[in-house]
>>> print(open('protein-v1.txt').read())   # compact mmCIF, C-alpha atoms
# COMPACT_ATOMS: atom_id res chain seq x y z
CA MET A 1 -116.12 -176.36 -13.13
CA VAL A 2 -117.04 -178.39 -16.23
CA ALA A 3 -116.51 -175.36 -18.47
CA LEU A 4 -113.09 -174.77 -16.91
CA LYS A 5 -112.14 -178.41 -17.44
CA ASN A 6 -113.26 -178.33 -21.08
CA ARG A 7 -111.34 -175.09 -21.66
CA PHE A 8 -108.23 -176.62 -20.09
CA ILE A 9 -108.45 -179.71 -22.33
CA THR A 10 -108.99 -177.52 -25.39
CA GLN A 11 -105.94 -175.43 -24.46
CA ILE A 12 -103.82 -178.59 -24.14
CA PHE A 13 -104.72 -179.52 -27.72
CA HIS A 14 -103.90 -175.96 -28.84
CA SER A 15 -100.54 -176.17 -27.07
CA PHE A 16 -99.77 -179.45 -28.86
CA ALA A 17 -100.70 -177.81 -32.17
CA ASP A 18 -98.46 -174.81 -31.40
CA LEU A 19 -95.47 -177.06 -30.63
CA ALA A 20 -96.05 -179.42 -33.56
CA PRO A 21 -94.10 -177.36 -36.16
CA MET A 22 -91.04 -177.12 -33.86
CA VAL A 23 -91.09 -180.84 -33.06
CA SER A 24 -91.57 -181.67 -36.75
CA VAL A 25 -88.52 -179.62 -37.77
CA ILE A 26 -86.36 -181.35 -35.14
CA LEU A 27 -87.51 -184.83 -36.19
CA ILE A 28 -87.12 -184.16 -39.91
CA PHE A 29 -83.56 -182.85 -39.54
CA GLN A 30 -82.66 -185.59 -37.04
CA PHE A 31 -83.82 -188.49 -39.24
CA PHE A 32 -83.36 -187.20 -42.81
CA ILE A 33 -80.45 -184.71 -42.62
CA ILE A 34 -78.30 -185.80 -39.66
CA LYS A 35 -79.55 -189.41 -40.05
CA GLN A 36 -79.00 -190.35 -36.44
CA PRO A 37 -81.34 -191.75 -33.78
CA ILE A 38 -82.68 -189.36 -31.18
CA PRO A 39 -80.55 -189.52 -28.02
CA ASP A 40 -82.45 -190.11 -24.77
CA LEU A 41 -85.88 -190.40 -26.36
CA ILE A 42 -87.67 -190.83 -23.00
CA ASN A 43 -86.36 -187.51 -21.67
CA LEU A 44 -87.26 -185.79 -24.94
CA ILE A 45 -90.86 -187.02 -24.80
CA SER A 46 -91.25 -186.17 -21.12
CA GLY A 47 -89.73 -182.72 -21.74
CA ILE A 48 -92.22 -182.01 -24.53
CA LEU A 49 -95.08 -183.06 -22.26
CA PHE A 50 -93.82 -180.71 -19.54
CA ILE A 51 -93.61 -177.87 -22.08
CA VAL A 52 -97.19 -178.52 -23.22
CA LEU A 53 -98.44 -178.58 -19.64
CA GLY A 54 -96.48 -175.46 -18.68
CA LEU A 55 -97.63 -173.56 -21.75
CA THR A 56 -101.24 -174.55 -21.07
CA LEU A 57 -101.09 -173.46 -17.43
CA PHE A 58 -99.32 -170.22 -18.36
CA ILE A 59 -101.97 -169.25 -20.92
CA GLN A 60 -104.75 -170.15 -18.48
CA GLY A 61 -103.08 -167.93 -15.89
CA LEU A 62 -102.90 -165.04 -18.35
CA GLU A 63 -106.57 -165.33 -19.29
CA GLN A 64 -107.86 -165.72 -15.74
CA SER A 65 -105.52 -163.48 -13.78
CA LEU A 66 -102.99 -161.15 -15.41
CA PHE A 67 -105.11 -159.77 -18.25
CA PRO A 68 -108.23 -159.12 -16.11
CA ILE A 69 -106.32 -157.53 -13.21
CA GLY A 70 -104.26 -155.36 -15.56
CA GLU A 71 -107.36 -154.07 -17.35
CA SER A 72 -109.36 -153.52 -14.16
CA MET A 73 -106.55 -151.58 -12.46
CA ALA A 74 -106.04 -149.39 -15.53
CA GLN A 75 -109.75 -148.61 -15.67
CA ALA A 76 -109.86 -147.93 -11.91
CA PHE A 77 -106.98 -145.44 -12.11
CA ALA A 78 -108.53 -143.75 -15.17
CA GLN A 79 -111.88 -143.37 -13.39
CA LYS A 80 -110.13 -142.04 -10.29
CA GLY A 81 -109.00 -139.11 -12.41
CA SER A 82 -105.53 -138.74 -10.87
CA LEU A 83 -102.89 -138.49 -13.60
CA PHE A 84 -100.07 -138.51 -11.04
CA TRP A 85 -101.04 -141.86 -9.52
CA LEU A 86 -101.75 -143.36 -12.93
CA LEU A 87 -98.25 -142.43 -14.11
CA CYS A 88 -96.72 -143.69 -10.85
CA PHE A 89 -98.53 -146.99 -11.30
CA SER A 90 -97.41 -147.23 -14.95
CA PHE A 91 -93.75 -146.64 -14.07
CA CYS A 92 -93.82 -149.07 -11.12
CA LEU A 93 -95.55 -151.72 -13.22
CA GLY A 94 -92.94 -151.45 -15.97
CA PHE A 95 -90.05 -151.43 -13.49
CA SER A 96 -91.27 -154.33 -11.33
CA THR A 97 -92.22 -156.65 -14.20
CA THR A 98 -88.90 -156.03 -15.95
CA ILE A 99 -86.67 -156.49 -12.91
CA ALA A 100 -88.30 -159.91 -12.42
CA GLU A 101 -88.07 -160.92 -16.09
CA PRO A 102 -86.26 -164.30 -16.29
CA ALA A 103 -84.82 -163.62 -19.75
CA LEU A 104 -83.31 -160.32 -18.57
CA ILE A 105 -81.77 -161.96 -15.49
CA ALA A 106 -80.17 -164.60 -17.71
CA ILE A 107 -78.74 -162.20 -20.29
CA ALA A 108 -77.48 -159.75 -17.62
CA ASN A 109 -75.62 -162.54 -15.82
CA GLU A 110 -74.21 -163.87 -19.09
CA ALA A 111 -73.10 -160.39 -20.18
CA ALA A 112 -71.34 -159.80 -16.87
CA THR A 113 -69.55 -163.16 -17.05
CA VAL A 114 -68.40 -162.57 -20.62
CA ALA A 115 -67.24 -159.05 -19.76
CA GLN A 116 -65.15 -160.48 -16.92
CA ASN A 117 -63.66 -163.17 -19.18
CA GLU A 118 -62.75 -160.51 -21.75
CA GLY A 119 -60.96 -158.46 -19.11
CA LEU A 120 -63.48 -155.61 -19.13
CA LEU A 121 -64.30 -156.15 -15.45
CA GLU A 122 -62.19 -156.87 -12.40
CA ASN A 123 -61.75 -160.54 -11.56
CA SER A 124 -64.17 -160.30 -8.65
CA THR A 125 -67.50 -161.99 -7.99
CA THR A 126 -68.84 -158.82 -6.41
CA THR A 127 -67.94 -156.76 -9.49
CA VAL A 128 -69.69 -159.24 -11.79
CA LEU A 129 -72.82 -159.27 -9.63
CA LEU A 130 -72.92 -155.47 -9.44
CA TYR A 131 -72.47 -155.17 -13.22
CA ALA A 132 -75.34 -157.59 -13.84
CA LEU A 133 -77.54 -155.85 -11.27
CA GLY A 134 -76.72 -152.48 -12.80
CA LEU A 135 -77.81 -153.74 -16.21
CA ARG A 136 -81.09 -155.05 -14.81
CA ILE A 137 -81.89 -151.85 -12.94
CA THR A 138 -80.99 -149.72 -15.97
CA VAL A 139 -83.28 -151.74 -18.21
CA ALA A 140 -86.06 -151.77 -15.60
CA ILE A 141 -85.94 -147.97 -15.26
CA SER A 142 -86.01 -147.58 -19.03
CA VAL A 143 -89.06 -149.83 -19.36
CA GLY A 144 -90.81 -147.98 -16.52
CA LEU A 145 -90.27 -144.70 -18.36
CA ALA A 146 -91.37 -146.33 -21.63
CA ILE A 147 -94.69 -147.43 -20.12
CA LEU A 148 -95.14 -143.98 -18.60
CA ILE A 149 -94.63 -142.35 -22.03
CA GLY A 150 -96.95 -144.91 -23.61
CA VAL A 151 -99.70 -144.09 -21.11
CA LEU A 152 -99.29 -140.37 -21.84
CA ARG A 153 -99.60 -141.21 -25.54
CA ILE A 154 -102.92 -142.98 -24.93
CA ILE A 155 -104.22 -140.11 -22.79
CA HIS A 156 -103.22 -137.31 -25.18
CA GLY A 157 -103.69 -139.23 -28.44
CA TRP A 158 -100.13 -138.79 -29.69
CA LYS A 159 -99.15 -140.55 -32.90
CA LEU A 160 -97.36 -143.82 -32.14
CA HIS A 161 -95.18 -143.84 -35.25
CA HIS A 162 -93.80 -140.36 -34.49
CA LEU A 163 -92.53 -141.44 -31.07
CA ILE A 164 -91.09 -144.68 -32.47
CA ILE A 165 -89.26 -142.83 -35.26
CA TYR A 166 -87.77 -140.32 -32.80
CA GLY A 167 -86.72 -143.16 -30.51
CA TYR A 168 -84.88 -145.09 -33.21
CA LEU A 169 -83.27 -141.89 -34.47
CA ALA A 170 -81.87 -141.44 -30.96
CA ILE A 171 -80.55 -145.02 -31.07
CA VAL A 172 -78.83 -144.38 -34.41
CA ILE A 173 -77.24 -141.19 -33.06
CA ILE A 174 -76.04 -142.76 -29.79
CA THR A 175 -74.70 -146.03 -31.25
CA PRO A 176 -71.41 -144.64 -32.73
CA PHE A 177 -70.50 -143.13 -29.34
CA ALA A 178 -71.27 -146.22 -27.27
CA PRO A 179 -68.51 -148.71 -26.30
CA LYS A 180 -68.35 -151.54 -28.82
CA HIS A 181 -68.79 -154.24 -26.19
CA ILE A 182 -72.10 -152.80 -24.95
CA ILE A 183 -73.86 -152.27 -28.30
CA GLY A 184 -74.82 -155.90 -28.87
CA ILE A 185 -75.98 -156.27 -25.27
CA ALA A 186 -78.05 -153.09 -25.56
CA TYR A 187 -79.81 -154.25 -28.72
CA ASP A 188 -80.52 -157.66 -27.20
CA THR A 189 -82.01 -156.23 -24.00
CA GLY A 190 -84.62 -154.53 -26.15
CA GLY A 191 -85.94 -157.98 -27.00
CA VAL A 192 -85.57 -159.87 -23.75
CA THR A 193 -87.46 -157.26 -21.72
CA THR A 194 -90.66 -157.99 -23.62
CA SER A 195 -91.15 -161.56 -22.50
CA THR A 196 -93.36 -163.74 -20.32
CA ILE A 197 -94.04 -161.36 -17.42
CA THR A 198 -93.89 -157.90 -18.94
CA VAL A 199 -95.97 -158.37 -22.08
CA PRO A 200 -99.27 -159.62 -20.56
CA LEU A 201 -99.50 -156.97 -17.83
CA VAL A 202 -98.37 -154.08 -20.02
CA THR A 203 -100.73 -155.09 -22.83
CA ALA A 204 -103.61 -155.37 -20.37
CA LEU A 205 -102.75 -151.93 -18.98
CA GLY A 206 -102.89 -150.33 -22.42
CA ILE A 207 -106.13 -152.01 -23.46
CA GLY A 208 -107.83 -151.28 -20.12
CA LEU A 209 -106.78 -147.63 -20.25
CA ALA A 210 -107.98 -147.20 -23.83
CA LYS A 211 -111.35 -148.72 -22.89
CA ALA A 212 -111.73 -146.40 -19.91
CA ILE A 213 -110.87 -143.13 -21.68
CA LYS A 214 -113.63 -141.66 -23.78
CA GLY A 215 -112.71 -141.24 -27.42
CA ARG A 216 -109.95 -143.88 -27.38
CA ASN A 217 -110.08 -147.11 -29.39
CA PRO A 218 -108.65 -150.21 -27.65
CA MET A 219 -107.51 -151.58 -31.02
CA THR A 220 -105.68 -148.50 -32.27
CA ASP A 221 -104.75 -146.84 -28.98
CA GLY A 222 -104.51 -149.78 -26.55
CA PHE A 223 -101.57 -151.45 -28.25
CA GLY A 224 -98.10 -149.99 -28.75
CA LEU A 225 -96.74 -149.98 -25.20
CA ILE A 226 -94.59 -153.02 -25.94
CA ALA A 227 -92.90 -151.11 -28.77
CA PHE A 228 -91.70 -148.49 -26.27
CA ALA A 229 -90.59 -151.22 -23.86
CA SER A 230 -88.42 -152.70 -26.63
CA LEU A 231 -86.95 -149.37 -27.68
CA THR A 232 -85.92 -147.50 -24.54
CA PRO A 233 -83.66 -150.26 -23.06
CA ILE A 234 -81.39 -149.98 -26.10
CA ILE A 235 -80.82 -146.28 -25.42
CA PHE A 236 -80.41 -146.64 -21.66
CA VAL A 237 -78.01 -149.60 -21.80
CA MET A 238 -75.75 -147.81 -24.29
CA LEU A 239 -75.75 -144.76 -21.99
CA TYR A 240 -74.99 -147.13 -19.10
CA GLY A 241 -71.97 -148.44 -20.99
CA MET A 242 -70.80 -144.93 -21.82
CA LEU A 243 -71.02 -143.87 -18.17
CA LEU A 244 -69.09 -146.92 -16.98
>>> encode(input="protein-v1.txt", output="structure tokens")
Amino acid sequence: MVALKNRFITQIFHSFADLAPMVSVILIFQFFIIKQPIPDLINLISGILFIVLGLTLFIQGLEQSLFPIGESMAQAFAQKGSLFWLLCFSFCLGFSTTIAEPALIAIANEAATVAQNEGLLENSTTTVLLYALGLRITVAISVGLAILIGVLRIIHGWKLHHLIIYGYLAIVIITPFAPKHIIGIAYDTGGVTTSTITVPLVTALGIGLAKAIKGRNPMTDGFGLIAFASLTPIIFVMLYGMLL
């Protein structure tokens, strides 16, 4: 209990240190460039404190829950020796973490609203909701397949840079044929999918799998799944736009 308390206090100080550069930039520009007092100082201070507390609790949760369970499940599936169930688990993990990703929900809703305002969608709430849901499901499927491919890479020892090069070549080829309004959204979804929920579990899966498979190095083979999760949504969302 004492060790946990000390670790929590240490993490709070680390969170303050991580936020210090951002707060410093805001204060410097506010006082020396804009030369205006900070509006609603009390809310600003309380907001920073909430961010520090939230960041601390989030990191503690990663260290005590998500990383250990991701690694242990990957090792358990590897020891079970069933490639089918390991690939099923990899796809479902990628799909479920992505569909629940807050950043993806936000950008899908915003994209649907903007598309409606630009006259690309019918002036209907149902149409907007279906468009946003379609985007989320498309991205979630693409990330599920990305994690599946990444797991196969770890198992078979494929070269990471070869797969990444082929993936971005496919993006370059598809981009000229995609509708102009979907290209920016597609490229942005590649970034928002790799956020607070997806990254910890997917990283833990890769590291745990590399530890469990003989001849694999967790440092060189365990990482790289996030690169696939950033790449495949771009392709799938552009195809989604072309189909629509």
>>> closest_residue(input="protein-v1.txt", among="A:Leu225, A:Pro179, A:Gly47, A:Ala170", to="Thr203 in chain A", atoms="only C-alpha atoms")
A:Leu225
>>> closest_atom_pairs(input="protein-v1.txt", of="range 108-179 of chain A", to="range 80-99 of chain A", cutoff="7 Å", atoms="all atoms listed in the file", output="Markdown table")
| residue | atom | partner | partner_atom | distance |
| --- | --- | --- | --- | --- |
| A:Arg136 | CA | A:Ile99 | CA | 6.1 |
| A:Ile137 | CA | A:Ile99 | CA | 6.7 |
| A:Ala140 | CA | A:Phe95 | CA | 4.5 |
| A:Ile141 | CA | A:Phe95 | CA | 5.7 |
| A:Val143 | CA | A:Gly94 | CA | 5.4 |
| A:Gly144 | CA | A:Phe91 | CA | 4.1 |
| A:Leu145 | CA | A:Phe91 | CA | 5.9 |
| A:Ile147 | CA | A:Ser90 | CA | 5.8 |
| A:Leu148 | CA | A:Ser90 | CA | 5.4 |
>>> closest_residue(input="protein-v1.txt", among="A:Ile173, A:Ile12, A:Ile33, A:Val23", to="Gln60 in chain A", atoms="all atoms listed in the file")
A:Ile12
>>> closest_residue(input="protein-v1.txt", among="A:Tyr187, A:Tyr240, A:Trp158, A:Phe58", to="Asp221 in chain A", atoms="all atoms listed in the file")
A:Trp158
>>> closest_residue(input="protein-v1.txt", among="A:Gly184, A:Gly150, A:Gly241, A:Gly70", to="Leu205 in chain A", atoms="only C-alpha atoms")
A:Gly70
>>> atom_distance(input="protein-v1.txt", atom1="CA of Thr220 in chain A", atom2="CA of Ile234 in chain A")
25.1 Å
>>> atom_distance(input="protein-v1.txt", atom1="CA of Leu53 in chain A", atom2="CA of Gln11 in chain A")
9.5 Å
>>> atom_distance(input="protein-v1.txt", atom1="CA of Val139 in chain A", atom2="CA of Val237 in chain A")
6.7 Å
>>> residues_near_point(input="protein-v1.txt", point="(-99.5, -176.7, -19.7)", cutoff="10 Å", atoms="all atoms listed in the file", output="count of residues only")
19
>>> closest_residue(input="protein-v1.txt", among="A:Ser142, A:Gln116, A:Gln36, A:Gln30", to="Phe236 in chain A", atoms="only C-alpha atoms")
A:Ser142
>>> closest_residue(input="protein-v1.txt", among="A:Pro102, A:Pro39, A:Gly191, A:Gly134", to="Ala227 in chain A", atoms="all atoms listed in the file")
A:Gly191
